[in-house]
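S.K.: File protein_27.pdb follows (PDB, C-alpha atoms):
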```
MODEL        1
ATOM      1  CA  MET O 133     -51.874 209.854-127.703
ATOM      2  CA  LEU O 134     -51.899 207.900-130.919
ATOM      3  CA  MET O 135     -49.010 205.643-131.898
ATOM      4  CA  GLU O 136     -48.674 206.097-135.662
ATOM      5  CA  ALA O 137     -45.376 207.996-135.378
ATOM      6  CA  ILE O 138     -43.450 205.026-133.939
ATOM      7  CA  ASP O 139     -41.659 202.703-136.367
ATOM      8  CA  PHE O 140     -42.313 199.304-134.815
ATOM      9  CA  SER O 141     -40.713 197.383-137.680
ATOM     10  CA  LYS O 142     -37.246 197.858-136.159
ATOM     11  CA  HIS O 143     -38.123 196.436-132.756
ATOM     12  CA  LYS O 144     -39.084 193.068-131.285
ATOM     13  CA  ARG O 145     -40.662 194.639-128.209
ATOM     14  CA  VAL O 146     -41.319 198.307-127.604
ATOM     15  CA  ARG O 147     -42.009 199.482-124.071
ATOM     16  CA  LEU O 148     -43.649 202.855-123.552
ATOM     17  CA  MET O 149     -44.125 204.603-120.237
ATOM     18  CA  VAL O 150     -47.555 206.088-119.522
ATOM     19  CA  MET O 151     -47.108 209.175-117.382
ATOM     20  CA  GLN O 152     -49.697 210.849-115.169
ATOM     21  CA  GLY O 153     -52.264 212.637-117.312
ATOM     22  CA  GLN O 154     -51.576 210.501-120.388
ATOM     23  CA  ALA O 155     -53.580 207.922-122.304
ATOM     24  CA  ARG O 156     -51.929 205.605-124.852
ATOM     25  CA  VAL O 157     -53.645 203.183-127.219
ATOM     26  CA  SER O 158     -52.267 200.590-129.625
ATOM     27  CA  GLY O 159     -53.075 197.485-131.598
ATOM     28  CA  ASP O 160     -49.461 196.390-132.125
ATOM     29  CA  PRO O 161     -48.434 193.020-130.633
ATOM     30  CA  ARG O 162     -44.897 194.271-129.965
ATOM     31  CA  LEU O 163     -45.943 197.109-127.702
ATOM     32  CA  GLU O 164     -45.939 196.991-123.916
ATOM     33  CA  LEU O 165     -47.280 199.921-121.918
ATOM     34  CA  THR O 166     -45.843 200.403-118.468
ATOM     35  CA  THR O 167     -46.346 202.709-115.517
ATOM     36  CA  VAL O 168     -45.551 203.008-111.815
ATOM     37  CA  LEU O 169     -48.362 204.028-109.505
ATOM     38  CA  GLY O 170     -48.717 205.371-106.006
ATOM     39  CA  SER O 171     -52.041 207.035-105.249
ATOM     40  CA  CYS O 172     -52.765 207.305-108.963
ATOM     41  CA  ILE O 173     -55.011 204.952-110.899
ATOM     42  CA  ALA O 174     -54.178 203.234-114.172
ATOM     43  CA  CYS O 175     -57.086 201.857-116.122
ATOM     44  CA  CYS O 176     -56.202 199.353-118.848
ATOM     45  CA  LEU O 177     -58.970 198.793-121.377
ATOM     46  CA  TYR O 178     -58.924 196.206-124.126
ATOM     47  CA  ASP O 179     -61.122 194.750-126.813
ATOM     48  CA  ALA O 180     -59.975 191.147-127.274
ATOM     49  CA  SER O 181     -62.039 190.684-130.425
ATOM     50  CA  ASN O 182     -60.166 193.465-132.237
ATOM     51  CA  ASN O 183     -56.807 193.290-130.389
ATOM     52  CA  ILE O 184     -56.921 196.923-129.338
ATOM     53  CA  GLY O 185     -55.906 198.105-125.896
ATOM     54  CA  GLY O 186     -54.908 201.201-124.010
ATOM     55  CA  MET O 187     -53.887 202.554-120.641
ATOM     56  CA  ASN O 188     -54.365 205.856-118.878
ATOM     57  CA  HIS O 189     -52.864 207.150-115.643
ATOM     58  CA  PHE O 190     -54.597 209.772-113.557
ATOM     59  CA  LEU O 191     -54.959 211.329-110.145
ATOM     60  CA  LEU O 192     -58.129 213.160-109.222
ATOM     61  CA  ALA O 193     -56.884 214.995-106.162
ATOM     62  CA  SER O 194     -53.782 215.857-104.251
ATOM     63  CA  PRO O 195     -53.042 217.291-100.807
ATOM     64  CA  SER O 196     -52.763 220.742-102.384
ATOM     65  CA  ASN O 197     -56.213 220.479-103.871
ATOM     66  CA  ASP O 198     -58.573 221.723-101.181
ATOM     67  CA  ASP O 199     -61.567 221.321-103.464
ATOM     68  CA  GLY O 200     -61.457 217.556-103.094
ATOM     69  CA  LEU O 201     -61.971 215.215-106.023
ATOM     70  CA  ASP O 202     -62.254 216.666-109.498
ATOM     71  CA  GLU O 203     -64.273 213.897-111.095
ATOM     72  CA  HIS O 204     -64.654 216.046-114.176
ATOM     73  CA  TYR O 205     -60.978 215.501-114.997
ATOM     74  CA  GLY O 206     -61.227 211.741-114.413
ATOM     75  CA  VAL O 207     -64.269 211.420-116.660
ATOM     76  CA  TYR O 208     -62.409 213.440-119.287
ATOM     77  CA  LEU O 209     -59.319 211.186-119.200
ATOM     78  CA  MET O 210     -61.444 208.049-119.321
ATOM     79  CA  GLU O 211     -63.338 209.457-122.286
ATOM     80  CA  VAL O 212     -60.074 210.287-124.057
ATOM     81  CA  LEU O 213     -58.942 206.676-123.578
ATOM     82  CA  ILE O 214     -62.241 205.214-124.774
ATOM     83  CA  ASN O 215     -62.447 207.535-127.795
ATOM     84  CA  GLU O 216     -58.903 206.660-128.883
ATOM     85  CA  MET O 217     -59.745 202.969-128.542
ATOM     86  CA  LEU O 218     -62.787 203.476-130.761
ATOM     87  CA  ALA O 219     -60.659 205.454-133.236
ATOM     88  CA  TYR O 220     -58.378 202.412-133.489
ATOM     89  CA  GLY O 221     -61.353 200.203-134.287
ATOM     90  CA  ALA O 222     -62.346 198.870-130.877
ATOM     91  CA  ASP O 223     -65.976 197.939-130.236
ATOM     92  CA  ARG O 224     -67.293 199.733-127.160
ATOM     93  CA  ARG O 225     -69.479 196.769-126.224
ATOM     94  CA  MET O 226     -66.430 194.501-126.093
ATOM     95  CA  LEU O 227     -64.347 196.667-123.753
ATOM     96  CA  ARG O 228     -62.991 195.027-120.618
ATOM     97  CA  ALA O 229     -60.971 196.668-117.852
ATOM     98  CA  HIS O 230     -58.046 196.049-115.530
ATOM     99  CA  LEU O 231     -57.679 198.549-112.692
ATOM    100  CA  TYR O 232     -54.544 199.246-110.644
ATOM    101  CA  GLY O 233     -53.191 201.699-108.112
ATOM    102  CA  GLY O 234     -55.014 203.854-105.604
ATOM    103  CA  ALA O 235     -52.528 203.138-102.818
ATOM    104  CA  ASN O 236     -52.604 205.112 -99.590
ATOM    105  CA  MET O 237     -48.885 205.420 -99.044
ATOM    106  CA  SER O 238     -48.753 208.059 -96.325
ATOM    107  CA  SER O 239     -51.034 208.842 -93.427
ATOM    108  CA  GLY O 240     -51.355 212.507 -94.389
ATOM    109  CA  MET O 241     -53.093 211.727 -97.667
ATOM    110  CA  SER O 242     -54.706 208.429 -96.799
ATOM    111  CA  TRP O 243     -58.040 209.143 -98.460
ATOM    112  CA  ILE O 244     -56.705 209.989-101.891
ATOM    113  CA  GLY O 245     -55.864 206.530-103.162
ATOM    114  CA  THR O 246     -59.138 205.106-101.887
ATOM    115  CA  ALA O 247     -61.105 207.968-103.419
ATOM    116  CA  ASN O 248     -59.390 207.536-106.778
ATOM    117  CA  ALA O 249     -60.172 203.821-106.788
ATOM    118  CA  GLU O 250     -63.796 204.481-105.844
ATOM    119  CA  PHE O 251     -64.129 206.941-108.706
ATOM    120  CA  ALA O 252     -62.705 204.412-111.178
ATOM    121  CA  HIS O 253     -65.047 201.669-109.954
ATOM    122  CA  SER O 254     -68.044 204.006-110.217
ATOM    123  CA  PHE O 255     -67.069 205.093-113.711
ATOM    124  CA  LEU O 256     -66.701 201.546-115.033
ATOM    125  CA  LYS O 257     -69.999 200.523-113.458
ATOM    126  CA  ALA O 258     -71.837 203.529-114.909
ATOM    127  CA  GLU O 259     -70.368 202.893-118.359
ATOM    128  CA  GLY O 260     -71.138 199.170-118.236
ATOM    129  CA  ILE O 261     -67.511 198.132-118.745
ATOM    130  CA  PRO O 262     -66.777 194.803-116.986
ATOM    131  CA  LEU O 263     -63.822 194.781-114.597
ATOM    132  CA  VAL O 264     -61.866 191.560-115.126
ATOM    133  CA  SER O 265     -58.991 192.107-112.712
ATOM    134  CA  GLN O 266     -57.788 194.658-110.237
ATOM    135  CA  SER O 267     -55.219 195.410-107.594
ATOM    136  CA  VAL O 268     -56.125 198.605-105.775
ATOM    137  CA  GLY O 269     -55.658 200.163-102.350
ATOM    138  CA  GLY O 270     -53.186 199.052 -99.698
ATOM    139  CA  PRO O 271     -50.029 200.882 -98.637
ATOM    140  CA  SER O 272     -47.685 199.978-101.523
ATOM    141  CA  ALA O 273     -46.671 201.336-104.900
ATOM    142  CA  ARG O 274     -47.262 199.196-107.982
ATOM    143  CA  ARG O 275     -45.654 198.689-111.342
ATOM    144  CA  VAL O 276     -48.049 197.746-114.136
ATOM    145  CA  ASP O 277     -47.100 196.279-117.520
ATOM    146  CA  PHE O 278     -49.853 195.959-120.094
ATOM    147  CA  ARG O 279     -49.788 194.432-123.564
ATOM    148  CA  PRO O 280     -52.645 196.155-125.365
ATOM    149  CA  TYR O 281     -52.779 193.757-128.310
ATOM    150  CA  HIS O 282     -53.322 190.760-126.010
ATOM    151  CA  GLY O 283     -55.125 192.579-123.199
ATOM    152  CA  GLN O 284     -52.665 191.004-120.753
ATOM    153  CA  ALA O 285     -51.664 192.895-117.630
ATOM    154  CA  ARG O 286     -49.079 192.211-114.942
ATOM    155  CA  CYS O 287     -48.975 194.078-111.651
ATOM    156  CA  ARG O 288     -46.113 193.923-109.157
ATOM    157  CA  ILE O 289     -45.673 195.558-105.776
ATOM    158  CA  VAL O 290     -42.562 197.754-105.795
ATOM    159  CA  ASP O 291     -40.767 199.853-103.241
ATOM    160  CA  ASN O 292     -42.668 203.055-102.549
ATOM    161  CA  SER O 293     -39.593 205.077-103.467
ATOM    162  CA  GLN O 294     -40.089 204.007-107.096
ATOM    163  CA  ALA O 295     -43.498 205.677-107.320
ATOM    164  CA  PRO O 296     -43.396 209.009-109.109
ATOM    165  CA  LYS O 297     -44.319 212.060-107.131
ATOM    166  CA  ASP O 298     -48.043 212.697-107.484
ATOM    167  CA  LEU O 299     -48.662 215.803-109.525
ATOM    168  CA  PRO O 300     -51.602 218.039-108.626
ATOM    169  CA  THR O 301     -54.703 217.518-110.730
ATOM    170  CA  PRO O 302     -54.216 219.939-113.625
ATOM    171  CA  LYS O 303     -56.268 223.071-113.419
ATOM    172  CA  LEU O 304     -58.115 223.954-116.576
ATOM    173  CA  ARG O 305     -56.245 226.405-118.763
ATOM    174  CA  GLU O 306     -57.699 229.893-118.890
ATOM    175  CA  ASP O 307     -58.867 229.328-122.454
ATOM    176  CA  HIS O 308     -60.167 225.814-121.902
ATOM    177  CA  GLY O 309     -63.878 225.412-122.467
ATOM    178  CA  ASP O 310     -64.019 228.604-124.517
ATOM    179  CA  ILE O 311     -66.650 228.482-127.199
ATOM    180  CA  GLU O 312     -65.644 229.076-130.794
ATOM    181  CA  LEU O 313     -68.673 230.285-132.697
ATOM    182  CA  PHE O 314     -68.772 229.559-136.408
TER     183      PHE O 314
ATOM    184  CA  MET F 100     -97.556 239.647-110.725
ATOM    185  CA  THR F 101     -95.386 238.360-113.549
ATOM    186  CA  PHE F 102     -94.994 234.939-114.986
ATOM    187  CA  ALA F 103     -91.868 233.140-113.967
ATOM    188  CA  GLN F 104     -89.331 233.220-116.756
ATOM    189  CA  GLU F 105     -89.235 229.924-118.584
ATOM    190  CA  LYS F 106     -85.987 228.053-118.324
ATOM    191  CA  THR F 107     -83.885 227.583-121.420
ATOM    192  CA  ARG F 108     -84.258 223.959-122.492
ATOM    193  CA  ILE F 109     -81.106 222.103-123.441
ATOM    194  CA  LEU F 110     -80.842 218.690-125.061
ATOM    195  CA  THR F 111     -77.451 217.129-124.332
ATOM    196  CA  VAL F 112     -76.365 214.195-126.514
ATOM    197  CA  ASP F 113     -73.525 212.004-125.242
ATOM    198  CA  ASP F 114     -73.035 208.232-125.113
ATOM    199  CA  SER F 115     -71.196 208.349-121.793
ATOM    200  CA  PRO F 116     -73.516 208.094-118.750
ATOM    201  CA  SER F 117     -70.765 209.673-116.638
ATOM    202  CA  MET F 118     -70.466 212.676-118.947
ATOM    203  CA  ARG F 119     -74.256 213.012-119.152
ATOM    204  CA  ALA F 120     -74.424 213.078-115.349
ATOM    205  CA  LEU F 121     -71.718 215.768-115.186
ATOM    206  CA  LEU F 122     -73.473 217.886-117.814
ATOM    207  CA  LYS F 123     -76.878 217.572-116.171
ATOM    208  CA  HIS F 124     -75.479 218.515-112.789
ATOM    209  CA  ALA F 125     -73.530 221.491-114.147
ATOM    210  CA  LEU F 126     -76.229 222.921-116.409
ATOM    211  CA  THR F 127     -79.088 222.392-113.955
ATOM    212  CA  ALA F 128     -77.065 224.264-111.336
ATOM    213  CA  GLU F 129     -76.762 227.126-113.846
ATOM    214  CA  GLY F 130     -80.558 227.344-114.093
ATOM    215  CA  PHE F 131     -81.246 225.417-117.298
ATOM    216  CA  HIS F 132     -83.737 222.642-117.959
ATOM    217  CA  VAL F 133     -81.774 219.644-119.227
ATOM    218  CA  ASP F 134     -82.982 216.655-121.238
ATOM    219  CA  GLN F 135     -80.608 213.961-122.442
ATOM    220  CA  ALA F 136     -80.082 211.475-125.254
ATOM    221  CA  ASP F 137     -77.338 208.875-125.599
ATOM    222  CA  ASP F 138     -76.643 209.145-129.338
ATOM    223  CA  GLY F 139     -77.809 210.824-132.535
ATOM    224  CA  VAL F 140     -80.631 208.365-133.187
ATOM    225  CA  SER F 141     -82.033 208.793-129.666
ATOM    226  CA  ALA F 142     -81.764 212.572-130.030
ATOM    227  CA  LEU F 143     -83.736 212.573-133.301
ATOM    228  CA  ASP F 144     -86.403 210.337-131.746
ATOM    229  CA  TRP F 145     -86.666 212.666-128.767
ATOM    230  CA  LEU F 146     -86.926 215.747-130.974
ATOM    231  CA  LYS F 147     -89.867 214.254-132.891
ATOM    232  CA  GLU F 148     -91.968 214.535-129.730
ATOM    233  CA  ASN F 149     -90.278 217.343-127.809
ATOM    234  CA  GLU F 150     -88.687 220.743-128.209
ATOM    235  CA  CYS F 151     -85.534 222.377-126.946
ATOM    236  CA  ASP F 152     -83.800 225.731-127.339
ATOM    237  CA  VAL F 153     -80.278 224.450-127.894
ATOM    238  CA  VAL F 154     -78.582 221.123-128.578
ATOM    239  CA  ILE F 155     -75.186 220.251-127.084
ATOM    240  CA  THR F 156     -73.732 217.181-128.734
ATOM    241  CA  ASP F 157     -70.665 214.979-128.489
ATOM    242  CA  ILE F 158     -69.024 213.752-131.699
ATOM    243  CA  ASN F 159     -68.006 210.132-131.092
ATOM    244  CA  MET F 160     -71.161 208.116-130.473
ATOM    245  CA  PRO F 161     -72.558 204.780-131.676
ATOM    246  CA  ARG F 162     -75.380 204.428-134.240
ATOM    247  CA  MET F 163     -75.258 208.110-135.256
ATOM    248  CA  ASP F 164     -72.384 210.419-134.377
ATOM    249  CA  GLY F 165     -72.514 214.144-133.769
ATOM    250  CA  PHE F 166     -71.802 215.051-137.403
ATOM    251  CA  GLY F 167     -74.681 212.872-138.591
ATOM    252  CA  LEU F 168     -77.010 214.389-136.019
ATOM    253  CA  ILE F 169     -76.160 217.957-137.052
ATOM    254  CA  GLU F 170     -76.574 217.180-140.760
ATOM    255  CA  HIS F 171     -79.946 215.547-140.086
ATOM    256  CA  LEU F 172     -81.191 218.482-138.046
ATOM    257  CA  ARG F 173     -80.060 221.071-140.591
ATOM    258  CA  LYS F 174     -81.997 219.306-143.356
ATOM    259  CA  GLY F 175     -85.300 220.014-141.617
ATOM    260  CA  ALA F 176     -86.887 223.481-141.485
ATOM    261  CA  ILE F 177     -87.766 223.078-137.800
ATOM    262  CA  HIS F 178     -84.151 222.861-136.715
ATOM    263  CA  GLU F 179     -82.606 225.031-139.433
ATOM    264  CA  ASN F 180     -81.773 227.834-137.024
ATOM    265  CA  ARG F 181     -81.556 225.952-133.755
ATOM    266  CA  PRO F 182     -78.211 226.517-132.011
ATOM    267  CA  ILE F 183     -76.145 223.330-131.952
ATOM    268  CA  LEU F 184     -72.956 223.320-129.880
ATOM    269  CA  VAL F 185     -70.382 220.569-130.242
ATOM    270  CA  LEU F 186     -68.752 219.517-126.948
ATOM    271  CA  THR F 187     -65.984 217.024-127.615
ATOM    272  CA  THR F 188     -62.570 215.665-126.645
ATOM    273  CA  GLU F 189     -61.581 216.068-130.315
ATOM    274  CA  ALA F 190     -59.138 218.926-130.727
ATOM    275  CA  SER F 191     -58.259 218.537-134.407
ATOM    276  CA  GLU F 192     -58.838 221.367-136.849
ATOM    277  CA  GLU F 193     -60.097 218.808-139.370
ATOM    278  CA  LYS F 194     -62.903 217.645-137.085
ATOM    279  CA  LYS F 195     -63.742 221.225-136.214
ATOM    280  CA  ALA F 196     -63.993 222.110-139.905
ATOM    281  CA  GLN F 197     -66.195 219.065-140.455
ATOM    282  CA  ALA F 198     -68.532 220.259-137.693
ATOM    283  CA  ARG F 199     -68.648 223.709-139.251
ATOM    284  CA  ARG F 200     -69.514 222.242-142.664
ATOM    285  CA  ALA F 201     -72.226 220.084-141.099
ATOM    286  CA  GLY F 202     -73.851 223.217-139.690
ATOM    287  CA  ALA F 203     -72.735 223.405-136.053
ATOM    288  CA  THR F 204     -73.121 226.747-134.301
ATOM    289  CA  GLY F 205     -70.068 226.435-132.096
ATOM    290  CA  TRP F 206     -67.246 224.198-130.883
ATOM    291  CA  ILE F 207     -66.094 223.525-127.316
ATOM    292  CA  VAL F 208     -63.266 221.180-126.337
ATOM    293  CA  LYS F 209     -63.603 219.092-123.153
ATOM    294  CA  PRO F 210     -62.982 219.164-120.299
ATOM    295  CA  PHE F 211     -65.645 221.832-120.097
ATOM    296  CA  ASP F 212     -65.867 224.691-117.664
ATOM    297  CA  ALA F 213     -69.451 224.842-116.334
ATOM    298  CA  VAL F 214     -69.587 228.625-116.120
ATOM    299  CA  LYS F 215     -68.196 229.093-119.629
ATOM    300  CA  LEU F 216     -70.522 226.457-121.034
ATOM    301  CA  ALA F 217     -73.511 228.194-119.441
ATOM    302  CA  ALA F 218     -72.339 231.530-120.843
ATOM    303  CA  ALA F 219     -72.046 229.950-124.288
ATOM    304  CA  VAL F 220     -75.606 228.627-124.075
ATOM    305  CA  ARG F 221     -76.901 232.068-123.079
ATOM    306  CA  ARG F 222     -74.933 233.673-125.877
ATOM    307  CA  VAL F 223     -76.405 231.479-128.611
ATOM    308  CA  THR F 224     -79.958 231.573-127.270
ATOM    309  CA  HIS F 225     -80.378 235.320-126.679
TER     310      HIS F 225
ENDMDL
END
```
What does this structure look like when you write it as structure tokens?

M.R.:
Amino acid sequence: MLMEAIDFSKHKRVRLMVMQGQARVSGDPRLELTTVLGSCIACCLYDASNNIGGMNHFLLASPSNDDGLDEHYGVYLMEVLINEMLAYGADRRMLRAHLYGGANMSSGMSWIGTANAEFAHSFLKAEGIPLVSQSVGGPSARRVDFRPYHGQARCRIVDNSQAPKDLPTPKLREDHGDIELF
Amino acid sequence: MTFAQEKTRILTVDDSPSMRALLKHALTAEGFHVDQADDGVSALDWLKENECDVVITDINMPRMDGFGLIEHLRKGAIHENRPILVLTTEASEEKKAQARRAGATGWIVKPFDAVKLAAAVRRVTH
């Protein structure tokens, strides 16, 4: 989700919420991205040399998803975030990551947060993106504020009631993946 | 006694190791032989020494992107008619038109569906 449509000139600080399934990228020093996480993961990437940063927010599985983790969707959302960073001028080799979330807030779905965090760790390792800070797992919801221009992140434990309800991992639309032959 | 049918050979080109792993797993399970390159330059190097039946390429890659790869391949007689599918997170009509102008055979937006991707490969190779 690119940011060109927002007129930053009228604001000292603009705070944008990153909802589940979204990825937002910016290089504006006035912008702060924020999200509240339960079992979900938020990955904040930044390139300090170009002052570009972004955050996504995803969940790979839910109690209603009997198929287990859909890593395909997680890889897709990470790729969307990385590609938008590159479109803004970030250098892939300079990317660094903060990782938050993956809480196991109820006994009935205790594996989900852990599994989401494990996926995120595996992805960053496979892609060679250094992880500079993290706060994952545990029983509590988190609020994350991230300033993409500076690459600065702040994570606070919040009451679990503040965490948004986890949405099921989106199923692919019927027409998704269709080939369009030229 | 008949010879076993040769597998269709696919070269996938993507800079993401995670996406390459997903593609290899999905396409191998569908009965294809899969080779991989991590950008356009690596793909061209590989194709100097090897052959494939279809190329599946990402767009956003370092050194040489998917558009550059397609244009390079279409310049040479060897690859003039080789099916080249673009598999990308890009959904813009502009990028799609650019791929068409470069000489791509088809366009697929991620996240991909393994069965549909396999059907697309069979469609362009038979």

S.K.: Determine the nearest neighbour of chain O from the options F:Thr107, F:Thr127, F:Thr224, F:Ser115, counting only C-alpha atoms.

M.R.: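 The answer is F:Ser115, which sits nearest to chain O.
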
S.K.: Mind running chain O against chain F at 10 Å and telling me each contacting residue's nearest atom pair with the distance in Å (one decimal), counting all atoms listed in the file, chain and number ascending, as JSON lines?

M.R.:
```
{"residue": "O:Glu203", "atom": "CA", "partner": "F:Leu121", "partner_atom": "CA", "distance": 8.7}
{"residue": "O:His204", "atom": "CA", "partner": "F:Pro210", "partner_atom": "CA", "distance": 7.1}
{"residue": "O:Tyr205", "atom": "CA", "partner": "F:Pro210", "partner_atom": "CA", "distance": 6.7}
{"residue": "O:Gly206", "atom": "CA", "partner": "F:Pro210", "partner_atom": "CA", "distance": 9.6}
{"residue": "O:Val207", "atom": "CA", "partner": "F:Met118", "partner_atom": "CA", "distance": 6.7}
{"residue": "O:Tyr208", "atom": "CA", "partner": "F:Pro210", "partner_atom": "CA", "distance": 5.8}
{"residue": "O:Leu209", "atom": "CA", "partner": "F:Pro210", "partner_atom": "CA", "distance": 8.8}
{"residue": "O:Met210", "atom": "CA", "partner": "F:Ser117", "partner_atom": "CA", "distance": 9.8}
{"residue": "O:Glu211", "atom": "CA", "partner": "F:Thr188", "partner_atom": "CA", "distance": 7.6}
{"residue": "O:Val212", "atom": "CA", "partner": "F:Thr188", "partner_atom": "CA", "distance": 6.5}
{"residue": "O:Ile214", "atom": "CA", "partner": "F:Asn159", "partner_atom": "CA", "distance": 9.9}
{"residue": "O:Asn215", "atom": "CA", "partner": "F:Asn159", "partner_atom": "CA", "distance": 7.0}
{"residue": "O:Glu216", "atom": "CA", "partner": "F:Glu189", "partner_atom": "CA", "distance": 9.9}
{"residue": "O:Leu218", "atom": "CA", "partner": "F:Asn159", "partner_atom": "CA", "distance": 8.5}
{"residue": "O:Ala219", "atom": "CA", "partner": "F:Asn159", "partner_atom": "CA", "distance": 9.0}
{"residue": "O:Asp223", "atom": "CA", "partner": "F:Pro161", "partner_atom": "CA", "distance": 9.6}
{"residue": "O:Arg224", "atom": "CA", "partner": "F:Pro161", "partner_atom": "CA", "distance": 8.6}
{"residue": "O:Ser254", "atom": "CA", "partner": "F:Ser117", "partner_atom": "CA", "distance": 9.0}
{"residue": "O:Phe255", "atom": "CA", "partner": "F:Ser117", "partner_atom": "CA", "distance": 6.6}
{"residue": "O:Leu256", "atom": "CA", "partner": "F:Ser117", "partner_atom": "CA", "distance": 9.2}
{"residue": "O:Lys257", "atom": "CA", "partner": "F:Ser117", "partner_atom": "CA", "distance": 9.7}
{"residue": "O:Ala258", "atom": "CA", "partner": "F:Pro116", "partner_atom": "CA", "distance": 6.2}
{"residue": "O:Glu259", "atom": "CA", "partner": "F:Pro116", "partner_atom": "CA", "distance": 6.1}
{"residue": "O:Gly260", "atom": "CA", "partner": "F:Pro116", "partner_atom": "CA", "distance": 9.2}
{"residue": "O:Leu304", "atom": "CA", "partner": "F:Pro210", "partner_atom": "CA", "distance": 7.8}
{"residue": "O:Arg305", "atom": "CA", "partner": "F:Asp212", "partner_atom": "CA", "distance": 9.8}
{"residue": "O:Glu306", "atom": "CA", "partner": "F:Asp212", "partner_atom": "CA", "distance": 9.8}
{"residue": "O:Asp307", "atom": "CA", "partner": "F:Asp212", "partner_atom": "CA", "distance": 9.7}
{"residue": "O:His308", "atom": "CA", "partner": "F:Phe211", "partner_atom": "CA", "distance": 7.0}
{"residue": "O:Gly309", "atom": "CA", "partner": "F:Phe211", "partner_atom": "CA", "distance": 4.6}
{"residue": "O:Asp310", "atom": "CA", "partner": "F:Ile207", "partner_atom": "CA", "distance": 6.2}
{"residue": "O:Ile311", "atom": "CA", "partner": "F:Ile207", "partner_atom": "CA", "distance": 5.0}
{"residue": "O:Glu312", "atom": "CA", "partner": "F:Trp206", "partner_atom": "CA", "distance": 5.1}
{"residue": "O:Leu313", "atom": "CA", "partner": "F:Gly205", "partner_atom": "CA", "distance": 4.1}
{"residue": "O:Phe314", "atom": "CA", "partner": "F:Gly205", "partner_atom": "CA", "distance": 5.5}
```

S.K.: Extract, using all atoms listed in the file, all DNA, RNA and protein residues at most 8 Å from Ala252 of chain O, discarding same-chain residues fewer than 4 positions from it, and format them as a VMD selection string.

M.R.: chain O and resid 173 175 231 248 256

S.K.: For this file, the PyMOL selection byres ((chain F and resi 146) around 12) selects which residues, as a ChimeraX atom specification?

M.R.: /F:109-112,134-136,139-145,147-154,168,171-172,175,177-178,181

S.K.: Near Asn183 of chain O, within 12 Å and counting only C-alpha atoms, which residues show up once chain neighbours fewer than 6 positions away are dropped, as a list in words?

M.R.: Val157, Ser158, Gly159, Asp160, Pro161, Arg162, Leu163, Leu177, Met217, Leu218, Tyr220, Gly221, Ala222, Asp223, Met226, Leu227, Arg228, Arg279, Pro280, Tyr281, His282, Gly283 and Gln284 of chain O

S.K.: Could you list the residues chosen by the PyMOL selection byres ((chain O and resi 286) around 9) in this structure as a list in words?

M.R.: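 So the PyMOL selection byres ((chain O and resi 286) around 9), applied here, picks out Arg275, Val276, Asp277, Phe278, Arg279, Gln284, Ala285, Cys287 and Arg288 of chain O.
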
S.K.: Grab the atom CA of Ser238 of chain O to atom CA of Ala155 of chain O distance for me, in Å with one decimal place.

M.R.: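 One can read the atom CA of Ser238 of chain O to atom CA of Ala155 of chain O distance as 26.4 Å.
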
S.K.: I'd like the interatomic distance between atom CA of Ser191 of chain F and atom CA of Arg147 of chain O, to a tenth of an Å.

M.R.: 27.1 Å

S.K.: Given the PyMOL selection byres ((chain F and resi 132) around 6) and the file above, list the residues it selects as a ChimeraX atom specification.

M.R.: /F:106,108,131,133

S.K.: Can you tell me how far atom CA of His230 of chain O sits from atom CA of Gly185 of chain O, in Å to one decimal?

M.R.: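 Interatomic distance, atom CA of His230 of chain O to atom CA of Gly185 of chain O: 10.8 Å.
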
S.K.: Give, as JSON, the centre coordinates and the x, y and z edge lengths in Å to one decimal for an axis-aligned box around all listed atoms of segment 141-158 of chain F, padded by 8 Å on each side.

M.R.:
```
{"center_x": -80.5, "center_y": 217.3, "center_z": -130.1, "size_x": 38.9, "size_y": 32.9, "size_z": 22.4}
```
